[in-house]
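Chemist: Got a structure for you, final.tsv, holding TSV, C-alpha atoms.
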chain	number	residue	atom	x	y	z
A	1	MET	CA	130.43	111.32	98.33
A	2	GLY	CA	126.85	109.96	98.08
A	3	LYS	CA	124.83	108.79	101.02
A	4	ALA	CA	125.21	105.08	101.79
A	5	LEU	CA	122.13	102.95	101.07
A	6	SER	CA	120.65	100.45	103.49
A	7	VAL	CA	120.13	96.81	102.46
A	8	PRO	CA	116.39	97.36	101.71
A	9	GLN	CA	117.18	100.49	99.67
A	10	ARG	CA	119.88	98.67	97.70
A	11	ALA	CA	117.51	95.76	97.14
A	12	THR	CA	114.75	98.05	95.89
A	13	GLN	CA	116.98	100.09	93.59
A	14	GLY	CA	118.84	97.02	92.42
A	15	ALA	CA	115.64	95.16	91.60
A	16	ARG	CA	114.35	98.15	89.64
A	17	SER	CA	117.46	98.50	87.50
A	18	LEU	CA	117.70	94.73	87.20
A	19	SER	CA	114.16	94.42	85.88
A	20	GLN	CA	115.03	97.00	83.23
A	21	ARG	CA	118.09	94.98	82.19
A	22	VAL	CA	116.09	91.75	82.11
A	23	ALA	CA	113.42	93.39	79.96
A	24	SER	CA	116.06	94.84	77.63
A	25	ALA	CA	117.83	91.51	77.23
A	26	ALA	CA	114.55	89.68	76.62
A	27	ARG	CA	113.47	92.19	73.97
A	28	LYS	CA	116.85	91.94	72.25
A	29	LYS	CA	116.59	88.16	72.14
A	30	LYS	CA	113.05	88.34	70.76
A	31	LYS	CA	114.16	90.74	68.06
A	32	GLU	CA	117.02	88.46	67.01
A	33	ASP	CA	114.76	85.39	66.88
A	34	ALA	CA	111.75	87.08	65.29
A	35	PRO	CA	110.83	86.46	61.61
A	36	ALA	CA	111.26	89.46	59.32
A	37	GLN	CA	107.52	89.98	58.86
A	38	GLU	CA	106.71	90.02	62.58
A	39	GLU	CA	105.23	93.16	64.10
A	40	PRO	CA	107.50	95.28	66.31
A	41	ASP	CA	107.44	94.38	69.98
A	42	ASP	CA	105.76	97.38	71.54
A	43	VAL	CA	105.26	95.89	74.99
A	44	MET	CA	108.03	95.76	77.59
A	45	GLU	CA	108.57	92.32	79.08
A	46	ASP	CA	107.73	93.55	82.55
A	47	GLU	CA	104.51	95.30	81.56
A	48	PRO	CA	101.16	93.58	82.23
A	49	PRO	CA	99.01	92.59	79.26
A	50	PRO	CA	96.45	95.13	78.04
A	51	PRO	CA	93.34	95.14	80.21
A	52	THR	CA	90.81	94.04	77.61
A	53	GLY	CA	90.43	90.65	75.99
A	54	ASP	CA	90.06	92.08	72.46
A	55	SER	CA	92.33	89.94	70.32
A	56	SER	CA	91.92	92.33	67.40
A	57	THR	CA	94.05	95.06	68.98
A	58	LYS	CA	96.64	96.18	66.44
A	59	GLY	CA	100.27	97.02	67.02
A	60	VAL	CA	100.59	95.14	70.32
A	61	ARG	CA	101.93	91.61	70.33
A	62	ARG	CA	100.33	89.58	73.09
A	63	ARG	CA	102.04	87.04	75.28
A	64	GLY	CA	101.43	83.35	74.97
A	65	ALA	CA	100.58	83.34	78.66
A	66	VAL	CA	97.69	83.10	81.04
A	67	SER	CA	95.84	86.38	81.30
A	68	ALA	CA	94.44	87.86	84.49
A	69	GLU	CA	91.24	85.79	84.49
A	70	ALA	CA	88.40	86.93	86.69
A	71	VAL	CA	87.95	85.51	90.17
A	72	THR	CA	84.34	84.52	90.83
A	73	GLU	CA	82.50	84.31	94.15
A	74	GLU	CA	82.26	80.55	93.59
A	75	ASP	CA	86.07	80.32	93.24
A	76	ILE	CA	86.49	82.22	96.49
A	77	ALA	CA	83.91	80.09	98.32
A	78	ASN	CA	85.65	76.87	97.21
A	79	TYR	CA	89.14	78.02	98.19
A	80	LYS	CA	90.55	76.38	101.31
A	81	LYS	CA	93.30	78.25	103.13
A	82	VAL	CA	96.18	76.02	104.26
A	83	VAL	CA	98.05	77.54	107.22
A	84	VAL	CA	101.83	77.07	107.15
A	85	GLU	CA	103.42	77.19	110.63
A	86	LYS	CA	106.32	79.62	111.12
A	87	THR	CA	108.74	80.45	113.90
A	88	PRO	CA	108.56	83.87	115.63
A	89	GLU	CA	111.84	84.77	113.89
A	90	GLU	CA	110.37	83.90	110.49
A	91	MET	CA	107.26	85.96	111.25
A	92	ASP	CA	109.37	89.00	112.17
A	93	ALA	CA	111.41	88.63	108.97
A	94	LEU	CA	108.24	88.21	106.93
A	95	ARG	CA	106.62	91.36	108.34
A	96	GLU	CA	109.73	93.37	107.55
A	97	ALA	CA	109.98	91.96	104.02
A	98	LEU	CA	106.31	92.44	103.10
A	99	ALA	CA	106.24	95.99	104.45
A	100	LYS	CA	108.74	96.98	101.77
A	101	ASN	CA	106.87	95.41	98.84
A	102	VAL	CA	104.29	97.40	96.91
A	103	LEU	CA	101.99	94.36	96.50
A	104	PHE	CA	101.55	94.07	100.26
A	105	LYS	CA	102.34	97.50	101.69
A	106	TYR	CA	98.80	98.86	101.61
A	107	MET	CA	96.85	95.70	102.41
A	108	ASP	CA	94.36	95.84	105.25
A	109	GLU	CA	95.20	93.88	108.39
A	110	LYS	CA	92.82	90.96	107.66
A	111	THR	CA	94.25	90.31	104.19
A	112	ARG	CA	97.81	90.64	105.47
A	113	GLU	CA	97.13	88.11	108.24
A	114	ASP	CA	95.71	85.66	105.71
A	115	ILE	CA	98.77	86.09	103.48
A	116	PHE	CA	101.03	85.53	106.50
A	117	ASP	CA	99.20	82.27	107.19
A	118	VAL	CA	99.73	80.74	103.75
A	119	ILE	CA	103.14	82.03	102.65
A	120	GLN	CA	105.78	79.28	102.74
A	121	PRO	CA	109.45	79.32	103.82
A	122	LYS	CA	111.60	77.62	101.15
A	123	ASP	CA	115.39	77.04	101.15
A	124	TYR	CA	117.68	76.55	98.15
A	125	GLN	CA	121.15	75.08	97.72
A	126	ALA	CA	123.88	77.10	96.02
A	127	GLY	CA	123.58	76.71	92.26
A	128	GLN	CA	119.95	75.58	92.41
A	129	ASP	CA	117.51	77.25	90.03
A	130	ILE	CA	114.61	78.88	91.86
A	131	ILE	CA	112.77	79.85	88.69
A	132	VAL	CA	113.63	79.08	85.06
A	133	GLN	CA	113.24	81.43	82.11
A	134	GLY	CA	110.25	80.47	79.94
A	135	ASP	CA	108.45	78.47	82.65
A	136	GLU	CA	104.95	79.56	83.63
A	137	GLY	CA	104.98	81.69	86.76
A	138	ASP	CA	103.31	80.23	89.82
A	139	TYR	CA	105.09	81.73	92.86
A	140	PHE	CA	106.26	85.10	94.12
A	141	TYR	CA	109.47	85.10	96.20
A	142	ILE	CA	110.97	87.29	98.94
A	143	ILE	CA	114.63	86.73	99.81
A	144	HIS	CA	115.02	86.29	103.57
A	145	LYS	CA	118.71	85.33	103.58
A	146	GLY	CA	121.32	85.20	100.83
A	147	THR	CA	121.67	86.47	97.27
A	148	VAL	CA	120.42	85.20	93.91
A	149	ASP	CA	121.92	85.60	90.45
A	150	VAL	CA	119.79	86.54	87.45
A	151	TYR	CA	120.32	85.03	84.00
A	152	VAL	CA	118.68	85.91	80.69
A	153	ASN	CA	119.31	83.58	77.74
A	154	GLY	CA	122.17	82.00	79.69
A	155	ASN	CA	123.93	85.29	80.42
A	156	LYS	CA	124.20	86.70	83.94
A	157	VAL	CA	122.64	90.16	83.98
A	158	GLY	CA	122.65	90.95	87.68
A	159	ALA	CA	121.90	89.83	91.23
A	160	ILE	CA	119.21	90.43	93.85
A	161	PRO	CA	120.38	90.79	97.48
A	162	GLU	CA	118.75	89.92	100.78
A	163	GLY	CA	115.48	91.81	101.22
A	164	GLY	CA	114.76	91.78	97.49
A	165	SER	CA	111.89	90.02	95.73
A	166	PHE	CA	111.01	88.61	92.33
A	167	GLY	CA	108.17	86.93	90.45
A	168	GLU	CA	105.45	89.54	91.18
A	169	LEU	CA	103.70	89.17	87.82
A	170	ALA	CA	103.08	85.48	88.50
A	171	LEU	CA	100.63	86.48	91.23
A	172	ILE	CA	98.53	88.59	88.90
A	173	TYR	CA	98.99	87.29	85.37
A	174	GLY	CA	100.79	83.93	85.53
A	175	THR	CA	103.18	85.13	82.81
A	176	PRO	CA	106.18	83.08	81.61
A	177	ARG	CA	109.37	83.80	83.51
A	178	ALA	CA	111.52	86.45	81.80
A	179	ALA	CA	114.72	85.25	83.50
A	180	THR	CA	116.30	82.38	85.41
A	181	ILE	CA	116.96	83.04	89.10
A	182	ARG	CA	119.73	80.92	90.68
A	183	ALA	CA	120.87	80.68	94.30
A	184	ALA	CA	124.36	82.11	94.71
A	185	GLY	CA	126.94	80.90	97.25
A	186	GLU	CA	129.20	77.96	98.06
A	187	GLN	CA	128.19	74.63	96.56
A	188	GLY	CA	126.51	72.19	98.93
A	189	ASP	CA	125.28	74.80	101.40
A	190	VAL	CA	121.79	76.17	102.01
A	191	ALA	CA	122.67	79.45	100.38
A	192	VAL	CA	119.29	81.17	100.04
A	193	LYS	CA	116.25	81.26	102.31
A	194	THR	CA	113.05	82.60	100.78
A	195	PHE	CA	109.37	83.03	101.50
A	196	ARG	CA	107.14	82.14	98.58
A	197	LEU	CA	103.46	82.75	97.90
A	198	ASP	CA	101.44	80.81	95.35
A	199	ARG	CA	99.29	82.56	92.81
A	200	GLU	CA	95.97	80.95	93.77
A	201	SER	CA	96.27	81.90	97.44
A	202	TYR	CA	97.17	85.49	96.61
A	203	ARG	CA	94.29	85.92	94.20
A	204	MET	CA	91.68	84.10	96.29
A	205	LEU	CA	92.59	85.85	99.55
A	206	LEU	CA	93.06	89.30	98.07
A	207	MET	CA	90.02	89.19	95.80
A	208	GLY	CA	87.87	87.41	98.39
A	209	ASN	CA	88.56	89.99	101.07
A	210	THR	CA	88.19	92.80	98.52
A	211	LEU	CA	84.73	91.61	97.46
A	212	LYS	CA	83.60	91.21	101.08
A	213	LYS	CA	84.87	94.68	101.99
A	214	ARG	CA	83.27	96.22	98.92
A	215	LYS	CA	79.84	94.89	99.87
A	216	MET	CA	80.25	95.97	103.48
A	217	TYR	CA	81.47	99.46	102.54
A	218	GLU	CA	78.63	99.91	100.06
A	219	GLU	CA	76.12	99.16	102.81
A	220	PHE	CA	77.85	101.63	105.14
A	221	LEU	CA	77.84	104.38	102.51
A	222	LYS	CA	74.14	103.91	101.77
A	223	LYS	CA	73.39	104.76	105.41
A	224	VAL	CA	75.06	108.19	105.23
A	225	PRO	CA	72.34	110.78	104.48
A	226	ILE	CA	74.67	113.24	102.83
A	227	LEU	CA	75.66	110.54	100.29
A	228	GLU	CA	72.16	109.32	99.45
A	229	SER	CA	72.15	111.16	96.11
A	230	LEU	CA	74.99	108.97	94.80
A	231	ASP	CA	73.98	106.46	92.14
A	232	SER	CA	75.11	102.80	92.25
A	233	TRP	CA	78.25	103.40	90.19
A	234	GLU	CA	79.30	106.37	92.34
A	235	THR	CA	78.72	104.41	95.55
A	236	LEU	CA	80.78	101.47	94.24
A	237	THR	CA	83.58	103.78	93.11
A	238	LEU	CA	83.63	105.47	96.50
A	239	ALA	CA	83.63	102.10	98.30
A	240	ASP	CA	86.71	101.02	96.33
A	241	SER	CA	88.47	104.27	97.27
A	242	LEU	CA	88.12	103.97	101.04
A	243	GLU	CA	91.35	103.61	103.00
A	244	SER	CA	91.56	101.32	106.05
A	245	ARG	CA	93.10	102.65	109.28
A	246	ASN	CA	93.39	101.21	112.80
A	247	TYR	CA	93.62	103.08	116.12
A	248	LYS	CA	94.60	101.89	119.59
A	249	GLN	CA	92.49	102.53	122.70
A	250	GLY	CA	92.69	106.18	123.73
A	251	GLU	CA	94.21	107.30	120.43
A	252	VAL	CA	92.77	110.47	118.92
A	253	VAL	CA	91.14	109.97	115.53
A	254	MET	CA	90.28	113.63	115.01
A	255	GLN	CA	90.77	116.68	117.24
A	256	GLN	CA	88.31	119.47	117.97
A	257	GLY	CA	89.46	122.69	116.34
A	258	ASP	CA	91.58	121.02	113.63
A	259	VAL	CA	90.70	121.73	110.00
A	260	GLY	CA	88.63	118.83	108.68
A	261	ASN	CA	89.67	116.96	105.56
A	262	ASP	CA	88.71	113.29	106.09
A	263	PHE	CA	85.37	111.50	106.41
A	264	TYR	CA	85.32	108.33	108.57
A	265	ILE	CA	83.17	105.20	108.94
A	266	ILE	CA	83.68	102.76	111.82
A	267	VAL	CA	84.07	99.15	110.68
A	268	GLN	CA	84.84	97.51	114.03
A	269	GLY	CA	85.17	98.79	117.57
A	270	ASP	CA	83.83	101.77	119.47
A	271	ALA	CA	84.71	105.44	119.77
A	272	HIS	CA	83.77	108.23	122.18
A	273	VAL	CA	82.90	111.80	121.24
A	274	PHE	CA	84.25	114.68	123.36
A	275	GLN	CA	83.60	118.41	123.17
A	276	LYS	CA	85.13	121.36	124.96
A	277	LYS	CA	82.65	124.21	125.46
A	278	GLU	CA	83.75	127.75	124.73
A	279	GLY	CA	85.55	129.26	127.71
A	280	GLU	CA	86.06	125.90	129.42
A	281	THR	CA	89.30	123.93	129.75
A	282	GLU	CA	87.95	120.42	130.29
A	283	GLU	CA	86.45	118.37	127.47
A	284	VAL	CA	83.22	116.50	128.19
A	285	LYS	CA	82.08	113.19	126.74
A	286	VAL	CA	78.98	113.87	124.65
A	287	GLY	CA	78.42	110.66	122.70
A	288	GLU	CA	79.43	107.16	121.68
A	289	LEU	CA	79.91	105.65	118.22
A	290	GLY	CA	79.96	102.01	117.10
A	291	PRO	CA	80.22	99.89	113.92
A	292	SER	CA	78.70	101.58	110.83
A	293	SER	CA	78.68	104.97	112.61
A	294	TYR	CA	80.28	107.80	110.66
A	295	PHE	CA	81.75	111.20	111.43
A	296	GLY	CA	83.63	114.05	109.75
A	297	GLU	CA	81.32	113.98	106.73
A	298	ILE	CA	80.99	117.77	106.62
A	299	ALA	CA	84.69	117.91	105.72
A	300	LEU	CA	83.66	116.75	102.24
A	301	ILE	CA	81.94	120.08	101.66
A	302	TYR	CA	83.20	122.71	104.09
A	303	ASN	CA	86.66	123.59	105.38
A	304	LYS	CA	85.26	123.98	108.89
A	305	PRO	CA	87.23	123.19	112.05
A	306	ARG	CA	86.28	119.92	113.72
A	307	ALA	CA	83.41	120.44	116.17
A	308	ALA	CA	84.43	117.55	118.43
A	309	THR	CA	87.25	115.18	119.35
A	310	ILE	CA	86.87	111.48	118.54
A	311	LYS	CA	88.91	108.91	120.50
A	312	ALA	CA	89.16	105.14	120.17
A	313	ALA	CA	87.29	103.54	123.11
A	314	SER	CA	87.80	99.83	122.33
A	315	GLU	CA	91.12	98.02	122.35
A	316	THR	CA	91.26	98.41	118.58
A	317	LEU	CA	89.19	100.75	116.45
A	318	GLU	CA	89.06	99.96	112.74
A	319	CYS	CA	87.88	102.74	110.45
A	320	VAL	CA	87.76	103.44	106.75
A	321	LEU	CA	88.18	106.96	105.52
A	322	ILE	CA	88.28	109.08	102.42
A	323	SER	CA	89.73	112.55	102.07
A	324	LYS	CA	88.04	115.39	100.25
A	325	GLU	CA	90.88	115.36	97.70
A	326	ARG	CA	90.45	111.65	96.93
A	327	PHE	CA	86.66	111.98	96.80
A	328	GLU	CA	86.98	114.71	94.18
A	329	ARG	CA	89.64	112.77	92.28
A	330	VAL	CA	87.37	109.75	91.79
A	331	LEU	CA	83.94	111.40	91.59
A	332	GLY	CA	84.40	115.11	90.90
A	333	PRO	CA	83.70	118.24	92.98
A	334	CYS	CA	82.06	117.33	96.30
A	335	GLN	CA	79.71	120.30	96.41
A	336	ASP	CA	78.33	119.58	92.93
A	337	ILE	CA	77.52	116.00	93.92
A	338	LEU	CA	76.38	116.42	97.52
A	339	LYS	CA	74.77	119.85	97.79
A	340	ARG	CA	71.36	118.50	96.75
A	341	ASN	CA	71.01	116.85	100.15
A	342	LEU	CA	72.82	119.41	102.23
A	343	ASP	CA	69.83	121.62	103.02
A	344	ASN	CA	67.93	118.73	104.56
A	345	TYR	CA	70.92	117.11	106.24
A	346	LYS	CA	71.44	117.19	110.00
A	347	SER	CA	74.81	115.94	111.20
A	348	ILE	CA	75.18	114.03	114.47
A	349	ILE	CA	77.77	116.68	115.34
A	350	ALA	CA	76.46	120.26	115.14
A	351	LEU	CA	77.95	122.59	112.55
A	352	LYS	CA	77.93	125.53	114.96
If you convert what's in this file into structure tokens, what do you get?
Modeler:
Amino acid sequence: MGKALSVPQRATQGARSLSQRVASAARKKKKEDAPAQEEPDDVMEDEPPPPTGDSSTKGVRRRGAVSAEAVTEEDIANYKKVVVEKTPEEMDALREALAKNVLFKYMDEKTREDIFDVIQPKDYQAGQDIIVQGDEGDYFYIIHKGTVDVYVNGNKVGAIPEGGSFGELALIYGTPRAATIRAAGEQGDVAVKTFRLDRESYRMLLMGNTLKKRKMYEEFLKKVPILESLDSWETLTLADSLESRNYKQGEVVMQQGDVGNDFYIIVQGDAHVFQKKEGETEEVKVGELGPSSYFGEIALIYNKPRAATIKAASETLECVLISKERFERVLGPCQDILKRNLDNYKSIIALK
């Protein structure tokens, strides 16, 4: 007998299989309605449009929908965030729901807080349509309570349970809805409670914070001597590959003696540097690090043990990091790129 699935697992698996059924039903309907001379439909309904705006691309039928237009700095500057008040219970439910969704799972804390501020609770009566097939997408939904039924061309093709979500492509592409989603339950009752996020808020907040972080990270990277040989494109690529990570006061970021693999830059907060001399049992504080300070950079070239322990000194320490593996995945072999500066480079932490 198979292992029982939790509600979030069932929601995730159910949504995946459901999206496949919705796409299949939509393609079948298109094929039935299409004129004989029409090109074959090579693109699945749930796939995003091709990345370029070249309308001459052959063999791919484009949607009659809004494409993923660029977000400009002017758009971001003109956007006004409207905070929607929520109860502590709603905030707890929202955190749990967003943690399970791929669109939000890897957001940094600032972007996630902004999304939390603007996302709206919205209730629906049993039998009420939440979205309608063919309409332009404008909201993404997370089901807090209840179940929704999914219809394609008037036929029920499945259901999405509590913890599930739908409408993701609306946030990115504003594509027409591929299915109708209807609140299930007894007539006359509030059958489904959702959280919904509008497309403009998602794009402005996500892209706005991304652009700000990119500029900040670029400036940080330019200050690292071992990276000064990178050209503008390489620096930008590396900035986009940095991963955000937070540490609580006293938490160890890296431990003396461990094999180094990650390179860190401090964004906010302070850290202390400790070393344990050979033959001694007590570690001694040997330095302090603050915003824009970096450490662990030698891990990008050598597989040397860490020469010191770094601990978070402030209440919260925010760092960005990149591993040697990710560095090489986006830019190529570290030694080939960085060895030009290595002979003249002196780390703040001795290599001995």
Chemist: Select from stretch 173-250 of chain A every residue with an atom at most 7 Å from any atom of stretch 318-323 of chain A, then for each give the shortest pair of atoms and their distance in Å to one decimal, using only C-alpha atoms, rows by chain and rising number, as CSV.
Modeler:
residue,atom,partner,partner_atom,distance
A:Leu242,CA,A:Ile322,CA,5.3
A:Glu243,CA,A:Val320,CA,5.2
A:Ser244,CA,A:Val320,CA,4.4
A:Arg245,CA,A:Cys319,CA,5.4
A:Asn246,CA,A:Glu318,CA,4.5
A:Tyr247,CA,A:Glu318,CA,6.5
Chemist: State, in Å with one decimal place, the distance from atom CA of A:Gln275 to atom CA of A:Ala308.
Modeler: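 We find that atom CA of A:Gln275 and atom CA of A:Ala308 lie 4.9 Å from each other.
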Chemist: Find the residues with any atom within 12 Å of (78.4, 96.3, 99.5); use only C-alpha atoms and the coordinates as given in the file, and write the answer as a list in words.
Modeler: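 So the residues meeting the distance criterion are Thr210, Leu211, Lys212, Lys213, Arg214, Lys215, Met216, Tyr217, Glu218, Glu219, Phe220, Leu221, Lys222, Lys223, Ser232, Trp233, Thr235, Leu236, Thr237, Leu238, Ala239 and Asp240 of chain A.
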Chemist: Take the selection from the previous step and output its residues with C-alpha atoms, as an mmCIF file, in the coordinates of the input.
Modeler:
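For reference, result.cif as written:
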data_model
loop_
_atom_site.group_PDB
_atom_site.id
_atom_site.type_symbol
_atom_site.label_atom_id
_atom_site.label_comp_id
_atom_site.auth_asym_id
_atom_site.auth_seq_id
_atom_site.Cartn_x
_atom_site.Cartn_y
_atom_site.Cartn_z
ATOM 1 C CA THR A 210 88.190 92.800 98.520
ATOM 2 C CA LEU A 211 84.730 91.610 97.460
ATOM 3 C CA LYS A 212 83.600 91.210 101.080
ATOM 4 C CA LYS A 213 84.870 94.680 101.990
ATOM 5 C CA ARG A 214 83.270 96.220 98.920
ATOM 6 C CA LYS A 215 79.840 94.890 99.870
ATOM 7 C CA MET A 216 80.250 95.970 103.480
ATOM 8 C CA TYR A 217 81.470 99.460 102.540
ATOM 9 C CA GLU A 218 78.630 99.910 100.060
ATOM 10 C CA GLU A 219 76.120 99.160 102.810
ATOM 11 C CA PHE A 220 77.850 101.630 105.140
ATOM 12 C CA LEU A 221 77.840 104.380 102.510
ATOM 13 C CA LYS A 222 74.140 103.910 101.770
ATOM 14 C CA LYS A 223 73.390 104.760 105.410
ATOM 15 C CA SER A 232 75.110 102.800 92.250
ATOM 16 C CA TRP A 233 78.250 103.400 90.190
ATOM 17 C CA THR A 235 78.720 104.410 95.550
ATOM 18 C CA LEU A 236 80.780 101.470 94.240
ATOM 19 C CA THR A 237 83.580 103.780 93.110
ATOM 20 C CA LEU A 238 83.630 105.470 96.500
ATOM 21 C CA ALA A 239 83.630 102.100 98.300
ATOM 22 C CA ASP A 240 86.710 101.020 96.330
#
Chemist: In Å, with one decimal, what is the gap from atom CA of A:Leu289 to atom CA of A:Thr309?
Modeler: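 According to the coordinates, atom CA of A:Leu289 and atom CA of A:Thr309 are separated by 12.1 Å.
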Chemist: Hey, which of A:Leu206, A:Ile143, A:Ala191, A:Ala159 ends up closest to A:Ala93? Count only C-alpha atoms.
Modeler: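 Among A:Leu206, A:Ile143, A:Ala191, A:Ala159, it is A:Ile143 that comes nearest to A:Ala93.
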Chemist: Between A:Ile226, A:Met254, A:Ala312, A:Met204, which residue has the minimum interatomic distance to A:Thr72, considering all atoms listed in the file?
Modeler: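 Of A:Ile226, A:Met254, A:Ala312, A:Met204, the one nearest A:Thr72, counting all atoms listed in the file, is A:Met204.
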Chemist: Within 9 Å of (109.8, 78.3, 87.6) (file coordinates; all atoms listed in the file), which protein or nucleic acid residues are there? I'd like them as a PyMOL selection string.
Modeler: chain A and resi 129-139+176-177+180-181
Chemist: Please determine, counting only C-alpha atoms, which residue among A:Pro291, A:Gly146, A:Phe195, A:Gly260 has the shortest atom-to-atom distance to A:Glu90.
Modeler: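 Smallest separation from A:Glu90 among the options: A:Phe195.
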Chemist: Using all atoms listed in the file for the distances, tell me which of A:Glu85, A:Glu168, A:Glu251, A:Glu109 is nearest to A:Pro121.
Modeler: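 Selected residue with least distance to A:Pro121: A:Glu85.
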Chemist: One number please: atom CA of A:Pro305 to atom CA of A:Arg329, in Å, one decimal.
Modeler: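 Those two atoms sit 22.5 Å apart.
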Chemist: Can you list, as a list in words, every protein, DNA or RNA residue that comes within 10 Å of A:Asp114 when you count all atoms listed in the file, leaving out same-chain residues fewer than 4 positions away?
Modeler: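 Residues near the query, excluding close chain neighbours: Lys81, Val82, Val83, Glu109, Lys110, Val118, Ile119, Ser201, Tyr202, Leu205, Leu206 and Asn209 of chain A.
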Chemist: Which one of A:Lys248, A:Arg196, A:Arg182, A:Lys311 sits closest to A:Ala271 if you count all atoms listed in the file?
Modeler: A:Lys311
